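Participant: Sharing a structure with you now.
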Amino acid sequence: MVARLLEKGHTVTGYNRTRAKAQWLIDKGMRWADSPRAVAAVADTTFSMVTNTAALQAIAEGPEGMLGALCEGKTLIEMSTVSPEFSRALSEKVRATGAIWWTHRFPAA
């Protein structure tokens, strides 16, 4: 997804828990951020796509998590494979920041 956005001329700031796995995208022009919070701070729209609920909890609610930078005018598009219960709970936290929540499971209310 990042490669396609870059190919279309979009500015993309990204983060991966393992920077080496993102190096090929950095080489293509992705701007590196040192944390999920740093990505959400500079982006109007943030995409998250991780492997499981624990990983999403870490990037969303951890010490450098996205929730700390979300606010009105920002959107989080969540595309991870996680439990519906956690997804619903996180959607409430995102909405409480004033940000817009969107996921492929259920749209923002």
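Just remember, in the structure tokens the first chain shown is A, the second B, etc., residues are 1-based per chain, and ligands are 1-based in the order shown.
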Hey, what's within 12 Å of Trp102 (chain A) if we count only C-alpha atoms and toss same-chain stuff fewer than 4 positions away? As a count of residues only, please?
Facilitator: 22
Participant: Please list as number ranges by chain every residue within 12 Å of Leu6 (chain A), counting only C-alpha atoms and excluding residues in the same chain fewer than 2 positions away.
Facilitator: A: 1-4, 8-14, 25-31
Participant: Please report, as a VMD selection string, each residue of chain A to which DSSP assigns strand (DSSP E) when run on this structure's backbone.
Facilitator: chain A and resid 13 to 14 31 to 32 45 to 48 75 to 78 100 to 103
Participant: Generate a file of the selected residues that holds C-alpha atoms, formatted as an mmCIF file, in the first residue's frame.
Facilitator:
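Contents of selection06.cif, as written:
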```cif
data_model
loop_
_atom_site.group_PDB
_atom_site.id
_atom_site.type_symbol
_atom_site.label_atom_id
_atom_site.label_comp_id
_atom_site.auth_asym_id
_atom_site.auth_seq_id
_atom_site.Cartn_x
_atom_site.Cartn_y
_atom_site.Cartn_z
ATOM 1 C CA THR A 13 5.358 8.934 6.709
ATOM 2 C CA GLY A 14 5.620 5.449 8.121
ATOM 3 C CA ARG A 31 9.615 9.355 5.455
ATOM 4 C CA TRP A 32 10.555 7.427 8.582
ATOM 5 C CA THR A 45 -4.985 10.024 7.830
ATOM 6 C CA THR A 46 -3.173 7.153 9.507
ATOM 7 C CA PHE A 47 -3.455 3.540 8.365
ATOM 8 C CA SER A 48 -2.655 0.709 10.759
ATOM 9 C CA THR A 75 -8.671 9.792 10.724
ATOM 10 C CA LEU A 76 -7.472 6.334 11.728
ATOM 11 C CA ILE A 77 -8.118 3.591 9.192
ATOM 12 C CA GLU A 78 -7.614 0.262 10.951
ATOM 13 C CA ILE A 100 -12.624 9.613 12.888
ATOM 14 C CA TRP A 101 -12.409 5.809 13.093
ATOM 15 C CA TRP A 102 -12.824 3.584 10.071
ATOM 16 C CA THR A 103 -12.363 -0.151 9.698
#
```
Participant: So that I can see what lies close to Asn16 (chain A), please list as a list of chain:residue names the residues with an atom at most 9 Å from it, counting only C-alpha atoms and leaving out residues fewer than 5 positions away in the same chain.
Facilitator: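 Surrounding residues, per the criterion: A:Lys21, A:Ala22, A:Trp32, A:Ala33, A:Asp34, A:Ser35, A:Pro36.
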Participant: Quick one, how far is CA of Val82 (chain A) from CA of Ala69 (chain A)?
Facilitator: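 Taking CA of Val82 (chain A) and CA of Ala69 (chain A), their separation equals 21.7 Å.
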Participant: Go through A:Thr97, A:Gln57, A:Asn52, A:Gln23 one by one, measure the shortest atom-to-atom distance of each to Gly73 (chain A) using only C-alpha atoms, and give the residue with the smallest value.
Facilitator: A:Thr97
Participant: Between CA of Ala43 (chain A) and CA of Gly65 (chain A), what is the distance, to one decimal in Å?
Facilitator: 13.9 Å
Participant: When you count only C-alpha atoms, which of these residues is closest to Ala89 (chain A): A:Glu72, A:Glu61, A:Asp44, A:Glu7?
Facilitator: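 Checking each of A:Glu72, A:Glu61, A:Asp44, A:Glu7 against Ala89 (chain A), counting only C-alpha atoms, the winner is A:Glu61.
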Participant: Considering only C-alpha atoms, can you say which of A:Ala54, A:Met49, A:Ile59, A:Ala41 comes closest to Cys71 (chain A)?
Facilitator: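 Going through A:Ala54, A:Met49, A:Ile59, A:Ala41 one by one, the smallest distance to Cys71 (chain A) is for A:Ala41.
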Participant: What is the distance between CA of Leu5 (chain A) and CA of Ala96 (chain A), in Å to one decimal?
Facilitator: 28.8 Å
